[in-house]
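Asks: The structure is given below, and queries will be raised subsequently.
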Amino acid sequence: MKVLITGGAGFIGSACAKALMNRGDTPILLDNFNDYYDPQLKRDRVAQFLGGYKGQFILREGDIRDAAFTERVFEEDQPEKVIHLAAMAGVRNSLKDPLLYADVNVLGTTNLLNLSVKHGVKNFVYASSSSIYGKNTPPFSETDSVDTPISPYAATKKATELMAHTFSHIYQLPTTGLRFFTVYGPWGRPDMALFNFTKNIFAGQEIEVYNFGNMSRNFTYVDDIVSGTLTVLDADLPCDVMNIGGDREETLLTFIETIETCVGKAAKKKLMPMQPGDVVSTVANIDKLRGLGWQPTTRIDVGIRNFVEWYRGYYKV
Ligand SMILES: NC(=O)c1ccc[n+]([C@@H]2O[C@H](COP(=O)([O-])OP(=O)(O)OC[C@H]3O[C@@H](n4cnc5c(N)ncnc54)[C@H](O)[C@@H]3O)[C@@H](O)[C@H]2O)c1
C-alpha cells in the first residue's frame, strides 16, 4: 500500500515511515525541511534513520500549501491513504507567529483534504493535539468540549478537526484525528523538553522548569504513537477523533530525575513561573483507542534511556 506521510522527515513521520516499510508498505515522504528547528536533523532522519530502506520509499520535497506541487504528488504517486503530520508544531512559538501557524496548519490541511477527496483516498489520518483541551480538567476525554483553546497552535488544531469533519460529512472521506500527548523518543524534536533538558544537563547548563516544576504529562513513547497511528490507519473509520497518550501520569520532576539518572549527572534547575499558553497537566483518557486493540507499552525509564543513548551517539557526547 502507498501511504503519503506529510511531515515525513519529522520526528513522528519518519518513525511511521519506518514501521510502514517494515510491514511492506511504501511511504511517500513529503516535507519542506523548514528551519523551525535544525533541518539537518530532518535530513539525517531520512539519510540515517531510514538509510537502510533505500528504494522502499519516495521522497518529495515541497510545501503542503503549494497546490500545484501537492496535486503533482497525488497524481504521480497515487497514495491510497494519507498520514498528515506536517504542521507548525510548538505552543510557545505559535504566540510569536500566529499567521504562519494558521497558514500551514489550516490552509495546508484543507488543501490536503481537498486533494484526498479528488484522488479517492481511502483514509486520512491526521495529527491533532492534547493542547486543544486547554484549561479543561484532566483526564481529558474525546467527549469533552474543546471550544476554548488557549494558544494559536491549539486553535489551529481545533480548526483542523473541524475541517476534517466537514470533508468527511460532505464527501464521505474517512478521517481520524489523533490527539497526541507529549511524544518523546530517539530522533525527537529539539524544541521539546526532553531534548532541551538532556542537552543542558550534558553541557552542565541550567534547565528552565516551568510552573516551578508543578506540571504533569502523559508522556508517550514514539513507538506507541506509531503503533496507534497504524491501528487507526488500518481501521478506516468514517470520521473520528481519538486521544493517543501514555497510560501513566508522570510529574515533570520525576521526568527530570529519570533524565538525570540516564545522563549520570544532576540538573541545575531554574524554577520558573508558568508560560502563557501552557497547560499544567495533560492526562489522557485513552479508552477509545484501546477499544481498537491498541495499548501503550513503553515506560519512561526505558523510553528516556533510549532517547539519551540516541542523543549520545548522534551528538557524540
Ligand atoms: N511531538 C509531539 O509531542 C506532538 C504533540 C501533539 C501534536 N503533535 C503533532 O504531530 C505532528 C508531527 O509532530 P512532530 O513532533 O513529528 O513534529 P516535526 O516538526 O518533527 O514534524 C513536522 C514535519 O512537518 C514538516 N513541515 C512543516 N510545515 C510544512 C509545510 N508547510 N509543508 C511541508 N512540510 C512541512 C517539517 O519540516 C517537519 O519535518 C504535528 O502536526 C504536530 O503538531 C506532535
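Ligands are numbered from 1 in the order shown, residues from 1 within each chain, and chains are lettered A, B, ... in the order they appear in the C-alpha cells.
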Env of segment 19-22 of chain A: 8 Å cut, atoms = only C-alpha atoms, seq-sep filter 3 positions within chain, self excluded. Answer as number ranges by chain.
Replies: A: 15-16, 25-27, 53, 56-57, 226
Asks: Return as a ChimeraX atom specification the residues of protein, DNA or RNA that approach ligand 1 to within 8 Å, with only C-alpha atoms and all ligand atoms taken into account.
Replies: /A:6-14,30-37,39,42,61-65,84-90,104-105,108,126-131,153,157,179-184,188-189,192,220
Asks: Output C-alpha atoms of each residue in that selection to a file, as a compact mmCIF listing (two decimals), in the first residue's frame.
Replies:
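Listing of part-v7.txt after writing:
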```txt
# COMPACT_ATOMS: atom_id res chain seq x y z
CA THR A 6 3.20 14.66 5.21
CA GLY A 7 5.91 15.84 7.60
CA GLY A 8 7.64 12.60 6.65
CA ALA A 9 11.09 13.88 7.66
CA GLY A 10 9.71 14.91 11.06
CA PHE A 11 10.04 13.12 14.36
CA ILE A 12 6.78 11.16 14.23
CA GLY A 13 6.57 10.99 10.42
CA SER A 14 9.94 9.30 9.95
CA LEU A 30 6.51 14.85 1.84
CA ASP A 31 8.36 17.55 3.75
CA ASN A 32 9.61 21.09 3.21
CA PHE A 33 12.57 20.72 5.59
CA ASN A 34 11.86 24.13 7.14
CA ASP A 35 14.15 25.63 9.75
CA TYR A 36 11.78 25.74 12.74
CA TYR A 37 14.50 23.51 14.17
CA PRO A 39 16.85 20.98 9.18
CA LYS A 42 15.38 16.14 9.38
CA GLU A 61 10.40 17.99 -1.06
CA GLY A 62 7.86 20.81 -1.03
CA ASP A 63 5.16 22.65 0.86
CA ILE A 64 1.71 21.36 1.77
CA ARG A 65 0.32 24.82 0.93
CA HIS A 84 -0.98 14.03 7.65
CA LEU A 85 1.58 15.21 10.22
CA ALA A 86 3.14 18.27 8.56
CA ALA A 87 2.44 21.30 10.70
CA MET A 88 4.00 24.13 12.57
CA ALA A 89 4.25 22.49 15.99
CA GLY A 90 5.00 24.05 19.36
CA VAL A 104 0.37 25.99 7.39
CA ASN A 105 -1.93 24.14 9.79
CA GLY A 108 -2.25 23.35 4.30
CA TYR A 126 -4.09 13.46 10.82
CA ALA A 127 -2.33 14.94 13.83
CA SER A 128 -4.33 16.89 16.32
CA SER A 129 -3.00 17.65 19.80
CA SER A 130 -3.71 17.31 23.50
CA SER A 131 -3.26 21.08 23.68
CA TYR A 153 -1.38 26.40 17.91
CA LYS A 157 -5.54 22.02 15.63
CA ARG A 179 -4.77 13.97 19.71
CA PHE A 180 -1.11 13.29 20.52
CA PHE A 181 0.02 13.67 24.15
CA THR A 182 3.67 14.81 24.58
CA VAL A 183 5.60 12.45 22.32
CA TYR A 184 9.23 11.61 23.10
CA GLY A 188 12.95 13.67 18.81
CA ARG A 189 12.39 17.38 18.41
CA MET A 192 10.78 19.82 23.30
CA THR A 220 4.01 8.96 25.09
```
Asks: Would you please work out which residue, of A:Gln40, A:Thr198, A:Gln275, A:Asn243, is nearest to Thr143 of chain A when using only C-alpha atoms?
Replies: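 Smallest distance to Thr143 of chain A is found for A:Asn243.
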Asks: Got a sec to tell me which of segment 45-249 of chain A DSSP assigns to strand (DSSP E or B), as a ChimeraX atom specification?
Replies: /A:58-61,81-84,123-129,140,175-180,183-184,206-209,216-217,220-221,239-244
Asks: For the residues in that selection, give me C-alpha atoms as a PDB file, in the first residue's frame.
Replies:
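Generated output (selection.pdb):
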```pdb
ATOM      1  CA  ILE A  58       9.620   8.068  -2.164  1.00  0.00           C
ATOM      2  CA  LEU A  59      10.832  11.494  -1.021  1.00  0.00           C
ATOM      3  CA  ARG A  60       9.024  14.643  -2.155  1.00  0.00           C
ATOM      4  CA  GLU A  61      10.404  17.991  -1.062  1.00  0.00           C
ATOM      5  CA  LYS A  81      -4.042   6.558   2.318  1.00  0.00           C
ATOM      6  CA  VAL A  82      -2.654   9.664   3.993  1.00  0.00           C
ATOM      7  CA  ILE A  83      -0.983  10.250   7.368  1.00  0.00           C
ATOM      8  CA  HIS A  84      -0.976  14.026   7.652  1.00  0.00           C
ATOM      9  CA  ASN A 123      -8.344   7.000   4.814  1.00  0.00           C
ATOM     10  CA  PHE A 124      -6.990  10.341   6.016  1.00  0.00           C
ATOM     11  CA  VAL A 125      -5.351  10.146   9.453  1.00  0.00           C
ATOM     12  CA  TYR A 126      -4.090  13.458  10.820  1.00  0.00           C
ATOM     13  CA  ALA A 127      -2.331  14.936  13.829  1.00  0.00           C
ATOM     14  CA  SER A 128      -4.329  16.891  16.323  1.00  0.00           C
ATOM     15  CA  SER A 129      -3.002  17.647  19.796  1.00  0.00           C
ATOM     16  CA  PHE A 140      -9.191  14.574  29.022  1.00  0.00           C
ATOM     17  CA  THR A 175     -10.831  10.870   8.558  1.00  0.00           C
ATOM     18  CA  THR A 176      -9.456  10.261  12.046  1.00  0.00           C
ATOM     19  CA  GLY A 177      -7.702  12.908  14.096  1.00  0.00           C
ATOM     20  CA  LEU A 178      -5.195  11.735  16.689  1.00  0.00           C
ATOM     21  CA  ARG A 179      -4.766  13.974  19.711  1.00  0.00           C
ATOM     22  CA  PHE A 180      -1.113  13.293  20.519  1.00  0.00           C
ATOM     23  CA  VAL A 183       5.596  12.454  22.315  1.00  0.00           C
ATOM     24  CA  TYR A 184       9.226  11.608  23.100  1.00  0.00           C
ATOM     25  CA  GLU A 206      20.681  25.357  33.704  1.00  0.00           C
ATOM     26  CA  ILE A 207      17.329  23.884  32.701  1.00  0.00           C
ATOM     27  CA  GLU A 208      14.208  26.028  32.917  1.00  0.00           C
ATOM     28  CA  VAL A 209      11.484  24.259  34.874  1.00  0.00           C
ATOM     29  CA  SER A 216       2.395  16.573  34.854  1.00  0.00           C
ATOM     30  CA  ARG A 217       2.069  14.863  31.499  1.00  0.00           C
ATOM     31  CA  THR A 220       4.008   8.963  25.087  1.00  0.00           C
ATOM     32  CA  TYR A 221       6.869   6.980  23.604  1.00  0.00           C
ATOM     33  CA  CYS A 239     -14.977  10.150  10.982  1.00  0.00           C
ATOM     34  CA  ASP A 240     -13.465  10.287  14.436  1.00  0.00           C
ATOM     35  CA  VAL A 241     -11.004  11.881  16.844  1.00  0.00           C
ATOM     36  CA  MET A 242      -9.020   9.928  19.426  1.00  0.00           C
ATOM     37  CA  ASN A 243      -6.633  10.565  22.259  1.00  0.00           C
ATOM     38  CA  ILE A 244      -3.301   8.815  21.997  1.00  0.00           C
TER      39      ILE A 244
END
```
Asks: One decimal, in Å: what's the spacing between atom CA of Phe197 of chain A and atom CA of Asn93 of chain A?
Replies: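 Pair atom CA of Phe197 of chain A / atom CA of Asn93 of chain A returns 18.0 Å.
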Asks: Taking only C-alpha atoms into account, name the residue in A:Ser94, A:Thr251, A:Asn306, A:Asn114 that is nearest to Gly213 of chain A.
Replies: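 Between A:Ser94, A:Thr251, A:Asn306, A:Asn114, the residue approaching Gly213 of chain A most closely is A:Thr251.
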Asks: Rounded to one decimal, what separation in Å do you get between atom CA of Gly291 of chain A and atom CA of Thr137 of chain A?
Replies: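 Spanning atom CA of Gly291 of chain A to atom CA of Thr137 of chain A is a straight-line distance of 23.0 Å.
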Asks: Ranking A:Asn218, A:Gln295, A:Asn111, A:Asn136 by minimum distance to Thr231 of chain A and counting only C-alpha atoms, which one comes first?
Replies: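 Checking each candidate against Thr231 of chain A, we get A:Gln295 as the closest.
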Asks: Write out as a ChimeraX atom specification the residues lying within 10 Å of Val302 of chain A, counting only C-alpha atoms and excluding same-chain residues fewer than 6 positions away.
Replies: /A:185,221,258,262
Asks: Quote the spacing between atom CA of Val283 of chain A and atom CA of Pro138 of chain A in Å to one decimal place.
Replies: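 Answer for the atom CA of Val283 of chain A to atom CA of Pro138 of chain A separation: 5.5 Å.
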Asks: Give the helix (DSSP H, G or I) residues of segment 63-262 of chain A, as DSSP finds them on the backbone, and put them as number ranges by chain.
Replies: A: 67-77, 91-96, 98-118, 130-133, 152-171, 193-203, 210-213, 222-235, 252-262
Asks: Give me the residues near Lys265 of chain A as a list in words, where near means some atom within 12 Å (using only C-alpha atoms) and where sequence neighbours in that chain fewer than 6 positions away do not count.
Replies: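 Once the adjacent positions are removed, what remains is Phe197, Thr198, Lys199, Asn200, Ile201, Phe202, Ala203, Gly204, Gln205, Ile256, Glu257, Thr258 and Ile259 of chain A.
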Asks: Restricted to N, CA and C atoms, what would the selected residues look like written as a PDB file, in the first residue's frame?
Replies:
```pdb
ATOM      1  N   PHE A 197      16.384  19.451  28.016  1.00  0.00           N
ATOM      2  CA  PHE A 197      16.903  19.081  29.333  1.00  0.00           C
ATOM      3  C   PHE A 197      18.166  18.229  29.174  1.00  0.00           C
ATOM      4  N   THR A 198      18.092  17.239  28.291  1.00  0.00           N
ATOM      5  CA  THR A 198      19.231  16.336  28.099  1.00  0.00           C
ATOM      6  C   THR A 198      20.457  17.124  27.639  1.00  0.00           C
ATOM      7  N   LYS A 199      20.239  17.990  26.667  1.00  0.00           N
ATOM      8  CA  LYS A 199      21.335  18.807  26.114  1.00  0.00           C
ATOM      9  C   LYS A 199      21.988  19.644  27.221  1.00  0.00           C
ATOM     10  N   ASN A 200      21.142  20.325  28.011  1.00  0.00           N
ATOM     11  CA  ASN A 200      21.682  21.222  29.029  1.00  0.00           C
ATOM     12  C   ASN A 200      22.305  20.472  30.199  1.00  0.00           C
ATOM     13  N   ILE A 201      21.754  19.320  30.547  1.00  0.00           N
ATOM     14  CA  ILE A 201      22.356  18.547  31.647  1.00  0.00           C
ATOM     15  C   ILE A 201      23.742  18.046  31.216  1.00  0.00           C
ATOM     16  N   PHE A 202      23.849  17.529  29.992  1.00  0.00           N
ATOM     17  CA  PHE A 202      25.163  17.104  29.483  1.00  0.00           C
ATOM     18  C   PHE A 202      26.152  18.273  29.517  1.00  0.00           C
ATOM     19  N   ALA A 203      25.669  19.473  29.120  1.00  0.00           N
ATOM     20  CA  ALA A 203      26.562  20.643  28.999  1.00  0.00           C
ATOM     21  C   ALA A 203      26.793  21.344  30.340  1.00  0.00           C
ATOM     22  N   GLY A 204      26.127  20.858  31.412  1.00  0.00           N
ATOM     23  CA  GLY A 204      26.282  21.499  32.725  1.00  0.00           C
ATOM     24  C   GLY A 204      25.575  22.846  32.807  1.00  0.00           C
ATOM     25  N   GLN A 205      24.594  23.063  31.912  1.00  0.00           N
ATOM     26  CA  GLN A 205      23.868  24.338  31.926  1.00  0.00           C
ATOM     27  C   GLN A 205      22.519  24.196  32.630  1.00  0.00           C
ATOM     28  N   ILE A 256      12.424  14.651  35.057  1.00  0.00           N
ATOM     29  CA  ILE A 256      13.785  15.214  35.120  1.00  0.00           C
ATOM     30  C   ILE A 256      14.728  14.267  35.866  1.00  0.00           C
ATOM     31  N   GLU A 257      14.248  13.687  36.963  1.00  0.00           N
ATOM     32  CA  GLU A 257      15.089  12.735  37.722  1.00  0.00           C
ATOM     33  C   GLU A 257      15.509  11.554  36.844  1.00  0.00           C
ATOM     34  N   THR A 258      14.579  11.091  36.014  1.00  0.00           N
ATOM     35  CA  THR A 258      14.896   9.952  35.133  1.00  0.00           C
ATOM     36  C   THR A 258      15.974  10.349  34.115  1.00  0.00           C
ATOM     37  N   ILE A 259      15.880  11.567  33.604  1.00  0.00           N
ATOM     38  CA  ILE A 259      16.921  12.026  32.666  1.00  0.00           C
ATOM     39  C   ILE A 259      18.274  12.108  33.392  1.00  0.00           C
TER      40      ILE A 259
END
```
Asks: Residues near Pro276 of chain A, anyone? I mean within 9 Å using only C-alpha atoms, not counting same-chain ones fewer than 4 positions away, as a ChimeraX atom specification.
Replies: /A:92,95,150-151
Asks: Convert the current residue selection to file output with C-alpha atoms, as an mmCIF file, in the first residue's frame.
Replies:
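out01.cif, freshly written:
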```
data_model
loop_
_atom_site.group_PDB
_atom_site.id
_atom_site.type_symbol
_atom_site.label_atom_id
_atom_site.label_comp_id
_atom_site.auth_asym_id
_atom_site.auth_seq_id
_atom_site.Cartn_x
_atom_site.Cartn_y
_atom_site.Cartn_z
ATOM 1 C CA ARG A 92 5.106 28.758 22.672
ATOM 2 C CA LEU A 95 2.397 33.012 20.087
ATOM 3 C CA ILE A 150 -5.630 28.915 24.842
ATOM 4 C CA SER A 151 -2.899 29.165 22.176
#
```
Asks: Out of A:Leu112, A:Leu4, A:Leu173, A:Val117, which residue has the shortest atom-to-atom distance to Thr160 of chain A when counting only C-alpha atoms?
Replies: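 So, comparing all the options, the nearest one is A:Leu112.
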Asks: Which one is closest to Lys122 of chain A: A:Ala235, A:Ile286, A:Leu253, A:Val280? Count only C-alpha atoms.
Replies: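 Of the candidates, the smallest distance to Lys122 of chain A is held by A:Ala235.
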Asks: Under the rule that only C-alpha atoms are counted, which of A:Gln172, A:Ser227, A:Ser116, A:Ser145 is the nearest residue to Arg290 of chain A?
Replies: A:Ser227
